[in-house]
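Next comes run_0.cif, a file with mmCIF, C-alpha atoms.
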```
data_my_file
#
loop_
_atom_site.label_atom_id
_atom_site.label_comp_id
_atom_site.auth_asym_id
_atom_site.auth_seq_id
_atom_site.Cartn_x
_atom_site.Cartn_y
_atom_site.Cartn_z
CA MET A 236 -13.76 -13.72 -1.24
CA ILE A 237 -12.16 -13.29 2.19
CA LEU A 238 -10.91 -16.25 4.22
CA ALA A 239 -11.91 -15.45 7.79
CA GLY A 240 -12.52 -18.78 9.49
CA GLY A 241 -9.39 -19.53 11.51
CA ARG A 242 -9.10 -19.40 15.26
CA GLY A 243 -6.04 -17.10 15.34
CA THR A 244 -4.21 -19.07 18.03
CA ARG A 245 -1.09 -16.89 17.78
CA LEU A 246 -3.17 -13.99 19.06
CA ARG A 247 -4.48 -15.67 22.18
CA PRO A 248 -5.77 -14.59 24.66
CA ILE A 249 -7.34 -11.84 22.49
CA THR A 250 -8.88 -14.41 20.16
CA ASP A 251 -10.35 -16.44 23.01
CA ARG A 252 -13.20 -13.94 23.00
CA VAL A 253 -13.13 -12.28 19.57
CA PRO A 254 -12.33 -13.63 16.08
CA LYS A 255 -9.10 -12.33 14.61
CA PRO A 256 -10.65 -10.11 11.88
CA MET A 257 -12.77 -8.36 14.52
CA ILE A 258 -9.80 -7.07 16.55
CA PRO A 259 -10.48 -3.31 16.82
CA PHE A 260 -8.25 -0.47 15.65
CA HIS A 261 -9.32 3.13 16.26
CA GLY A 262 -12.87 2.11 17.05
CA LYS A 263 -13.61 -0.39 14.29
CA PRO A 264 -12.59 -3.96 13.47
CA PHE A 265 -9.73 -4.79 11.13
CA LEU A 266 -12.09 -6.48 8.69
CA GLU A 267 -14.04 -3.24 8.29
CA TYR A 268 -10.92 -1.54 6.90
CA LEU A 269 -10.64 -4.32 4.31
CA ILE A 270 -14.27 -4.04 3.28
CA GLU A 271 -14.07 -0.27 2.96
CA MET A 272 -10.96 -0.61 0.79
CA LEU A 273 -12.69 -3.11 -1.49
CA ARG A 274 -15.69 -0.81 -1.88
CA GLN A 275 -13.41 2.09 -2.76
CA GLN A 276 -11.76 -0.10 -5.41
CA GLY A 277 -15.14 -0.76 -7.03
CA PHE A 278 -16.09 -4.16 -5.61
CA GLN A 279 -19.80 -4.66 -5.14
CA ARG A 280 -20.05 -8.21 -3.76
CA ILE A 281 -17.99 -9.78 -0.99
CA LEU A 282 -18.14 -13.37 0.24
CA LEU A 283 -16.86 -14.09 3.75
CA LEU A 284 -15.74 -17.64 4.49
CA LEU A 285 -16.27 -18.12 8.22
CA GLY A 286 -15.60 -20.76 10.86
CA TYR A 287 -14.59 -19.56 14.32
CA LEU A 288 -17.18 -17.38 16.12
CA PRO A 289 -19.06 -16.60 12.87
CA ASP A 290 -21.94 -14.78 14.55
CA ALA A 291 -19.62 -12.04 15.81
CA ILE A 292 -18.86 -11.21 12.17
CA ARG A 293 -22.33 -11.73 10.70
CA ASP A 294 -24.04 -9.70 13.42
CA TYR A 295 -21.70 -6.76 12.82
CA PHE A 296 -21.66 -6.65 9.02
CA GLY A 297 -25.09 -8.03 8.17
CA ASP A 298 -25.84 -7.82 4.46
CA GLY A 299 -23.18 -5.14 3.89
CA SER A 300 -25.63 -2.39 2.92
CA ARG A 301 -24.21 -0.05 5.57
CA TRP A 302 -20.92 -0.10 3.62
CA GLY A 303 -22.48 0.08 0.17
CA VAL A 304 -21.69 -3.54 -0.74
CA GLU A 305 -23.45 -6.88 -0.76
CA ILE A 306 -21.95 -9.31 1.77
CA GLY A 307 -22.63 -13.04 1.66
CA TYR A 308 -21.44 -15.82 3.95
CA SER A 309 -20.28 -19.40 3.79
CA VAL A 310 -19.82 -21.01 7.20
CA SER A 311 -18.04 -24.31 7.80
CA PRO A 312 -16.42 -25.97 10.82
CA GLU A 313 -13.63 -24.14 12.60
CA ALA A 314 -11.15 -26.92 11.80
CA ASP A 315 -11.61 -26.62 8.01
CA GLU A 316 -8.55 -25.75 5.94
CA THR A 317 -8.63 -22.99 3.30
CA GLY A 318 -9.16 -25.39 0.40
CA ARG A 319 -12.13 -27.04 2.08
CA ARG A 320 -13.76 -23.67 2.83
CA ILE A 321 -13.30 -22.47 -0.75
CA LYS A 322 -14.59 -25.71 -2.29
CA LEU A 323 -17.73 -25.60 -0.15
CA ALA A 324 -18.40 -22.06 -1.44
CA ALA A 325 -17.72 -22.93 -5.11
CA SER A 326 -21.31 -22.35 -6.23
CA LYS A 327 -21.16 -18.74 -4.99
CA ILE A 328 -17.88 -17.84 -6.74
CA ASP A 329 -17.65 -15.80 -9.95
CA PRO A 330 -15.65 -17.03 -13.01
CA ILE A 331 -12.87 -14.62 -11.96
CA PHE A 332 -12.51 -13.65 -8.31
CA LEU A 333 -10.23 -11.96 -5.82
CA LEU A 334 -9.17 -14.20 -2.94
CA MET A 335 -7.68 -12.61 0.17
CA TYR A 336 -7.04 -13.27 3.84
CA CYS A 337 -8.77 -11.52 6.72
CA ASP A 338 -5.51 -10.71 8.51
CA ASN A 339 -3.51 -8.76 5.88
CA TYR A 340 -4.08 -5.17 4.75
CA TRP A 341 -2.34 -3.86 1.66
CA PRO A 342 -3.61 -0.90 -0.41
CA ILE A 343 -4.89 -2.96 -3.30
CA ARG A 344 -4.44 -1.69 -6.88
CA ILE A 345 -7.03 -3.78 -8.65
CA ASP A 346 -6.80 -2.05 -12.06
CA ALA A 347 -3.03 -2.61 -12.29
CA MET A 348 -3.40 -6.17 -11.02
CA LEU A 349 -6.12 -7.01 -13.53
CA HIS A 350 -4.05 -5.53 -16.34
CA MET A 351 -1.12 -7.77 -15.43
CA PHE A 352 -3.44 -10.77 -15.04
CA ASP A 353 -4.92 -10.22 -18.50
CA GLN A 354 -1.51 -9.68 -20.10
CA ALA A 355 -0.07 -12.83 -18.53
CA GLU A 356 -2.96 -14.99 -19.80
CA VAL A 357 -2.77 -17.29 -16.78
CA PRO A 358 -5.43 -18.68 -14.42
CA GLY A 359 -3.82 -17.23 -11.30
CA LEU A 360 -1.96 -14.21 -9.94
CA ILE A 361 -0.61 -13.61 -6.45
CA THR A 362 0.58 -10.39 -4.84
CA VAL A 363 4.19 -10.44 -3.63
CA TYR A 364 5.81 -7.99 -1.24
CA GLU A 365 9.40 -7.53 -2.43
CA ASN A 366 10.61 -7.66 1.18
CA SER A 367 13.80 -5.65 0.63
CA ASP A 368 13.60 -4.62 4.30
CA GLY A 369 13.43 -8.18 5.64
CA TYR A 370 9.97 -7.52 7.08
CA SER A 371 9.04 -11.19 6.81
CA ARG A 372 10.54 -14.47 5.55
CA ASP A 373 10.63 -14.95 1.77
CA ASN A 374 8.55 -17.75 0.29
CA VAL A 375 8.59 -17.24 -3.49
CA ARG A 376 10.96 -16.96 -6.41
CA ILE A 377 9.93 -14.99 -9.50
CA ASP A 378 11.43 -15.33 -12.98
CA SER A 379 12.24 -12.60 -15.48
CA ASN A 380 8.82 -12.97 -17.12
CA GLY A 381 6.98 -12.13 -13.93
CA LEU A 382 5.90 -15.71 -13.30
CA VAL A 383 6.35 -17.54 -10.01
CA SER A 384 9.06 -20.16 -10.48
CA LEU A 385 8.97 -21.46 -6.89
CA TYR A 386 6.42 -21.31 -4.11
CA ASP A 387 7.80 -22.62 -0.84
CA LYS A 388 5.40 -22.53 2.10
CA SER A 389 8.19 -23.86 4.34
CA ARG A 390 10.33 -20.79 3.43
CA THR A 391 13.51 -22.89 3.40
CA ALA A 392 14.50 -23.21 -0.29
CA PRO A 393 17.55 -21.25 -1.54
CA GLY A 394 17.14 -18.21 -3.76
CA LEU A 395 13.75 -17.07 -2.44
CA SER A 396 12.95 -13.38 -2.91
CA GLY A 397 9.60 -11.93 -1.89
CA VAL A 398 6.60 -12.81 0.27
CA ASP A 399 3.18 -13.91 -0.95
CA ILE A 400 0.71 -11.66 0.90
CA GLY A 401 -2.51 -13.02 -0.60
CA PHE A 402 -4.71 -10.72 -2.71
CA MET A 403 -4.91 -13.38 -5.43
CA ILE A 404 -6.81 -13.05 -8.69
CA MET A 405 -8.00 -16.50 -9.74
CA LYS A 406 -10.13 -18.12 -12.38
CA ARG A 407 -12.74 -20.48 -10.98
CA GLU A 408 -11.22 -23.30 -13.03
CA VAL A 409 -8.36 -23.58 -10.51
CA LEU A 410 -10.82 -25.08 -8.02
CA GLY A 411 -10.60 -28.24 -10.10
CA LEU A 412 -7.14 -28.75 -8.62
CA LEU A 413 -8.65 -29.14 -5.14
CA PRO A 414 -9.11 -32.79 -4.10
CA ASP A 415 -11.88 -33.86 -1.76
CA GLY A 416 -11.13 -33.64 1.90
CA ASN A 417 -9.82 -31.05 4.31
CA VAL A 418 -6.95 -29.56 2.30
CA SER A 419 -5.03 -26.31 2.00
CA PHE A 420 -5.70 -24.15 -1.06
CA GLU A 421 -2.12 -22.86 -1.01
CA LYS A 422 -0.59 -26.34 -0.93
CA GLU A 423 -2.92 -27.95 -3.46
CA VAL A 424 -3.44 -25.18 -6.04
CA LEU A 425 -0.38 -22.94 -6.13
CA PRO A 426 2.40 -25.56 -6.67
CA PRO A 427 0.72 -27.13 -9.75
CA LEU A 428 0.20 -23.67 -11.27
CA VAL A 429 3.86 -22.86 -10.62
CA ALA A 430 5.00 -26.15 -12.19
CA ALA A 431 2.99 -25.34 -15.32
CA ASN A 432 4.28 -21.73 -15.50
CA ARG A 433 0.71 -20.55 -14.96
CA LEU A 434 1.01 -18.35 -11.86
CA ALA A 435 1.87 -14.65 -12.26
CA ALA A 436 3.17 -12.32 -9.55
CA TYR A 437 2.23 -8.70 -8.95
CA VAL A 438 5.23 -7.34 -7.03
CA THR A 439 4.91 -4.38 -4.68
CA GLY A 440 7.31 -2.42 -2.49
CA HIS A 441 4.45 -1.12 -0.33
CA ARG A 442 4.54 -2.83 3.05
CA TYR A 443 1.50 -4.82 4.13
CA TYR A 444 0.07 -4.71 7.65
CA SER A 445 -1.48 -7.56 9.58
CA VAL A 446 -3.16 -8.91 12.67
CA GLY A 447 -1.28 -12.19 12.42
CA THR A 448 0.84 -11.84 15.57
CA HIS A 449 1.02 -9.75 18.72
CA GLU A 450 4.28 -8.21 17.46
CA ARG A 451 2.57 -6.78 14.36
CA LEU A 452 -0.35 -5.12 16.17
CA PRO A 453 1.40 -1.85 17.20
CA LEU A 454 2.65 -1.22 13.65
CA THR A 455 -0.80 -1.94 12.25
CA GLU A 456 -2.29 0.43 14.83
CA GLU A 457 0.07 3.18 13.64
CA PHE A 458 -0.67 2.54 9.96
CA LEU A 459 -4.45 2.54 10.40
CA ALA A 460 -4.29 5.80 12.35
CA ARG A 461 -3.85 7.36 8.90
CA HIS A 462 -2.00 10.46 9.95
CA PRO A 463 -2.20 12.90 7.02
CA ALA A 464 1.04 13.20 5.06
CA ILE A 465 2.42 14.63 1.85
CA ILE A 466 5.49 13.82 -0.22
CA LEU A 467 7.28 16.61 -2.09
CA ASP A 468 9.94 16.78 -4.75
CA ARG A 469 12.53 19.48 -3.98
CA ASP A 470 13.86 21.43 -6.98
CA GLY A 471 11.02 23.08 -8.87
CA VAL A 472 8.59 22.57 -5.99
CA LEU A 473 10.22 24.14 -2.93
CA ASN A 474 13.03 26.07 -4.59
CA ARG A 475 13.77 27.42 -8.02
CA ARG A 476 14.98 24.63 -10.23
CA PRO A 477 18.46 25.11 -11.74
CA PRO A 478 18.98 24.83 -15.52
CA LYS A 479 19.02 21.33 -17.00
CA GLY A 480 22.21 19.47 -16.13
CA GLU A 481 23.04 21.82 -13.28
CA TYR A 482 22.51 21.51 -9.52
CA VAL A 483 22.00 23.54 -6.38
CA ARG A 484 25.53 23.03 -5.07
CA SER A 485 25.42 25.18 -1.92
CA TRP A 486 23.03 27.23 0.18
CA ARG A 487 24.14 30.37 -1.68
CA GLU A 488 22.44 28.98 -4.80
CA TRP A 489 19.17 28.16 -3.03
CA GLU A 490 16.14 30.30 -3.91
CA TRP A 491 12.74 29.63 -2.38
CA LEU A 492 9.82 29.61 -4.78
CA PRO A 493 7.05 32.07 -3.90
CA GLY A 494 4.53 30.53 -1.51
CA SER A 495 6.48 27.37 -0.68
CA LEU A 496 7.23 28.40 2.92
CA ASP A 497 3.58 29.42 3.36
CA ALA A 498 2.53 26.00 2.08
CA LEU A 499 4.79 24.22 4.55
CA ARG A 500 3.41 26.32 7.38
CA LEU A 501 -0.15 25.43 6.39
CA LEU A 502 0.71 21.74 6.22
CA LYS A 503 2.08 21.73 9.76
CA LYS A 504 -0.85 23.77 11.06
CA ASN A 505 -3.21 21.13 9.67
CA GLY A 506 -1.30 18.17 11.05
CA PHE A 507 0.38 16.93 7.88
CA ARG A 508 3.67 15.10 7.92
CA VAL A 509 6.03 16.31 5.17
CA VAL A 510 8.81 14.30 3.55
CA ILE A 511 11.02 15.22 0.60
CA VAL A 512 12.30 12.89 -2.13
CA SER A 513 14.94 14.31 -4.45
CA ASN A 514 17.24 13.02 -7.21
CA GLN A 515 20.74 14.45 -6.64
CA ALA A 516 22.91 12.82 -9.31
CA GLY A 517 25.39 15.69 -8.91
CA VAL A 518 26.86 13.77 -5.98
CA GLU A 519 27.85 10.79 -8.13
CA ARG A 520 29.01 13.16 -10.87
CA GLY A 521 31.32 14.94 -8.41
CA VAL A 522 29.62 18.32 -8.72
CA MET A 523 28.99 18.38 -4.96
CA SER A 524 29.41 16.01 -2.03
CA GLU A 525 26.81 14.37 0.19
CA ASP A 526 27.99 16.72 2.95
CA ASP A 527 27.18 19.67 0.68
CA VAL A 528 23.66 18.31 0.14
CA ALA A 529 23.25 17.65 3.88
CA ASP A 530 24.29 21.24 4.66
CA ILE A 531 21.71 22.58 2.20
CA HIS A 532 19.04 20.49 3.85
CA ARG A 533 20.00 21.53 7.38
CA ARG A 534 19.65 25.16 6.40
CA MET A 535 16.47 24.49 4.44
CA MET A 536 14.83 22.75 7.41
CA ALA A 537 15.91 25.52 9.78
CA GLU A 538 14.25 28.18 7.62
CA VAL A 539 11.15 26.02 7.32
CA ALA A 540 10.98 25.74 11.11
CA ASP A 541 11.43 29.50 11.48
CA ALA A 542 8.50 29.99 9.08
CA GLY A 543 6.28 27.72 11.19
CA GLY A 544 6.59 24.58 9.11
CA ASP A 545 8.29 21.21 9.54
CA ILE A 546 9.99 18.66 7.29
CA GLU A 547 10.28 15.25 8.92
CA LYS A 548 12.86 13.72 6.60
CA VAL A 549 14.64 14.25 3.29
CA TYR A 550 15.43 11.28 1.06
CA ILE A 551 17.96 11.71 -1.73
CA CYS A 552 19.21 9.51 -4.52
CA PRO A 553 22.89 10.43 -5.04
CA HIS A 554 23.38 7.98 -7.91
CA HIS A 555 24.13 8.67 -11.57
CA TRP A 556 21.18 8.20 -13.90
CA ASP A 557 22.91 5.19 -15.51
CA ASP A 558 23.62 3.37 -12.22
CA GLY A 559 20.40 1.33 -12.33
CA CYS A 560 19.58 1.93 -8.65
CA ALA A 561 16.13 1.36 -7.19
CA CYS A 562 15.87 4.84 -5.67
CA ARG A 563 16.30 7.27 -8.58
CA LYS A 564 13.01 8.57 -9.86
CA PRO A 565 11.17 7.49 -12.00
CA LYS A 566 11.70 4.39 -9.86
CA PRO A 567 9.69 4.48 -6.63
CA GLY A 568 12.36 3.38 -4.13
CA MET A 569 12.45 6.62 -2.13
CA LEU A 570 8.66 6.69 -1.90
CA PHE A 571 8.60 3.15 -0.54
CA ASN A 572 11.35 4.03 1.96
CA ALA A 573 9.22 6.89 3.23
CA GLN A 574 6.18 4.62 3.34
CA ARG A 575 7.93 2.12 5.59
CA ASP A 576 9.60 4.71 7.82
CA PHE A 577 6.37 6.59 8.54
CA SER A 578 3.75 3.83 8.09
CA LEU A 579 2.15 5.77 5.23
CA ASP A 580 -0.68 4.56 3.06
CA LEU A 581 0.64 5.74 -0.29
CA SER A 582 -2.77 5.39 -1.91
CA ARG A 583 -3.87 8.23 0.41
CA THR A 584 -0.65 10.30 0.27
CA ASN A 585 -0.32 13.02 -2.36
CA PHE A 586 3.02 13.50 -4.11
CA ILE A 587 3.74 16.93 -5.58
CA GLY A 588 6.47 17.10 -8.23
CA ASP A 589 7.41 19.16 -11.26
CA ASP A 590 8.72 16.54 -13.68
CA GLU A 591 7.33 13.58 -15.60
CA ARG A 592 9.76 11.33 -13.69
CA ASP A 593 8.01 12.36 -10.48
CA GLY A 594 4.70 11.34 -12.01
CA GLN A 595 6.11 8.00 -13.12
CA ALA A 596 7.47 7.31 -9.64
CA ALA A 597 4.10 8.21 -8.14
CA GLU A 598 2.32 5.85 -10.53
CA ALA A 599 4.72 3.02 -9.70
CA ALA A 600 4.17 3.56 -5.96
CA GLY A 601 0.41 4.06 -6.16
CA CYS A 602 0.51 7.72 -5.04
CA PRO A 603 -1.91 10.40 -6.24
CA PHE A 604 0.27 12.84 -8.18
CA LEU A 605 0.03 16.61 -8.60
CA MET A 606 2.23 18.61 -10.98
CA ALA A 607 3.64 21.89 -9.73
CA SER A 608 4.09 24.57 -12.37
CA ASP A 609 4.02 28.32 -12.92
CA ALA A 610 0.27 28.00 -13.48
CA GLN A 611 -0.36 25.96 -10.31
CA SER A 612 2.21 26.22 -7.55
CA MET A 613 2.85 23.98 -4.60
CA LEU A 614 0.87 26.44 -2.45
CA ASP A 615 -2.12 26.17 -4.80
CA HIS A 616 -2.04 22.36 -4.55
CA VAL A 617 -1.58 22.41 -0.77
CA ARG A 618 -4.60 24.65 -0.27
CA LEU A 619 -6.73 22.22 -2.28
CA ILE A 620 -5.34 19.20 -0.42
CA ILE A 621 -6.05 20.78 2.95
CA GLY A 622 -9.53 21.77 1.85
CA GLU A 623 -10.27 18.21 0.73
CA HIS A 624 -8.82 16.83 3.96
CA ARG A 625 -11.09 19.04 6.03
CA ALA A 626 -14.12 18.04 3.95
CA PHE A 627 -13.11 14.38 4.26
CA GLU A 628 -12.97 14.65 8.04
CA ALA A 629 -16.26 16.53 8.19
CA VAL A 630 -18.30 13.85 6.39
CA ARG A 631 -17.11 10.75 8.18
CA SER A 632 -19.78 8.09 8.46
CA PRO A 633 -20.81 6.63 11.85
CA SER A 634 -18.40 3.72 11.20
CA GLY A 635 -15.46 6.15 11.20
CA GLU A 636 -14.76 5.96 7.47
CA ALA A 637 -15.52 8.77 5.07
CA LYS A 638 -18.63 8.36 2.98
CA PRO A 639 -18.26 7.68 -0.74
CA ALA A 640 -17.22 10.79 -2.67
CA VAL A 641 -20.54 11.10 -4.49
CA GLU A 642 -22.38 11.09 -1.15
CA ALA A 643 -20.04 13.65 0.31
CA GLY A 644 -20.42 15.95 -2.68
CA ARG A 645 -16.69 15.81 -3.47
#
```

As a first step, turn the structure in this file into structure tokens.
Amino acid sequence: MILAGGRGTRLRPITDRVPKPMIPFHGKPFLEYLIEMLRQQGFQRILLLLGYLPDAIRDYFGDGSRWGVEIGYSVSPEADETGRRIKLAASKIDPIFLLMYCDNYWPIRIDAMLHMFDQAEVPGLITVYENSDGYSRDNVRIDSNGLVSLYDKSRTAPGLSGVDIGFMIMKREVLGLLPDGNVSFEKEVLPPLVAANRLAAYVTGHRYYSVGTHERLPLTEEFLARHPAIILDRDGVLNRRPPKGEYVRSWREWEWLPGSLDALRLLKKNGFRVVIVSNQAGVERGVMSEDDVADIHRRMMAEVADAGGDIEKVYICPHHWDDGCACRKPKPGMLFNAQRDFSLDLSRTNFIGDDERDGQAAEAAGCPFLMASDAQSMLDHVRLIIGEHRAFEAVRSPSGEAKPAVEAGR
């Protein structure tokens, strides 16, 4: 169920003529990206709650068959609050439903969210951006059990950490908390659930993108351009990995793995951005300095450029494995840093590594993961990725989005 009824006054004068979810990006409206994402996550039925300029939305999406989903509508006056819109649509709502806003895009991970929802045994779950980069103003506090201990729509209480971005899983029973009248769902439903310790939080470090303000539109435009990208581990993927407990301490100890320079050349030729994420605990252990690592990477990037490739940025974690930092794999901190710096959609960005910690970091970040090994090198994986990318581009539907995999023969 997508709330899409507001006027979007912060986006005037654009919204004087078009409803906020219909603002176009790369030839299609923002709401279309949301619907395509839901279809790809396995949703079959979508209910749009409309108010302002509803015909612009209904005329475009119709019954949803063009996108392989069933779309229904509930239309109420433009002035209706979220709670009023939802209550009017109660008869069309399933016993468990996903509630989201029409102005936020986040690569949803419905399987992981449902798992947390089931484990928490609560009637509600919200998605919270951890907001370590100060992207927005915090409005929640989460306890050690993963439950929301404070929801502050005014964003003024002390100790807040994280931003509710919508994408809520709810049981229909929570609608009983809505009084009659024109009320806000967030104000009437979420605080009582918090007070009863009945609201869970799915926390993500993946930035969300929105059409909420004029200032956000350029960043959303960049994100939805979906420039192809790949994330690579370093040792064991690009270069020969040193023995366990040892490190590449200088350029003299660097040895390219066969095919890695060819792979980087192919990636650049096909328009892929390349970033590296590498644990380098030897810095904290005193085996080498950060300057030593930087020198290795300067020389590495120069040889890559000479071979016709390009590496946009290298992220390292210099910390000891016992430091408890957020960046050392298997934690996903470096992946999220790359996501924010390059407006990546990690759900569409392959990560190639050679260690189970790489796979764990990929899982935590929502990245597709590929394991490099003697049997299947980085070059082997890159050739497959490029082949799939070309096939993906070749079978785009008239709407601009690739057809479902089964239709494309992938």

(request) For CA of Leu614 (chain A) and CA of Gly588 (chain A), quote the distance in Å rounded to one decimal. (result)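 Between CA of Leu614 (chain A) and CA of Gly588 (chain A) the gap is 12.3 Å.
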
(request) Report the distance between CA of Lys504 (chain A) and CA of Gly543 (chain A) in Å, rounded to one decimal place. (result)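 Between CA of Lys504 (chain A) and CA of Gly543 (chain A) the gap is 8.2 Å.
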
(request) Kindly indicate which residue among A:Phe265, A:Trp491, A:Tyr295, A:Tyr336 lies nearest to Gly241 (chain A), using all atoms listed in the file for the distances. (result)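 Nearest candidate to Gly241 (chain A) out of A:Phe265, A:Trp491, A:Tyr295, A:Tyr336: A:Tyr336.
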
(message) I'd like the contact shell of region 322-329 of chain A - 9 Å cut-off, only C-alpha atoms, skipping same-chain residues fewer than 3 positions apart - returned as an NGL selection string.
(response) :A and (236 or 282 or 284 or 307-311 or 317-319 or 332 or 406-407 or 410 or 413 or 415)

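Selection by the PyMOL selection byres ((chain A and resi 558-567) around 7) on the present file picks out Asn514, Cys552, His554, His555, Trp556, Asp557, Gly568, Met569, Leu570, Phe571, Arg592, Asp593, Gln595, Ala596, Ala597, Ala599 and Ala600 of chain A.
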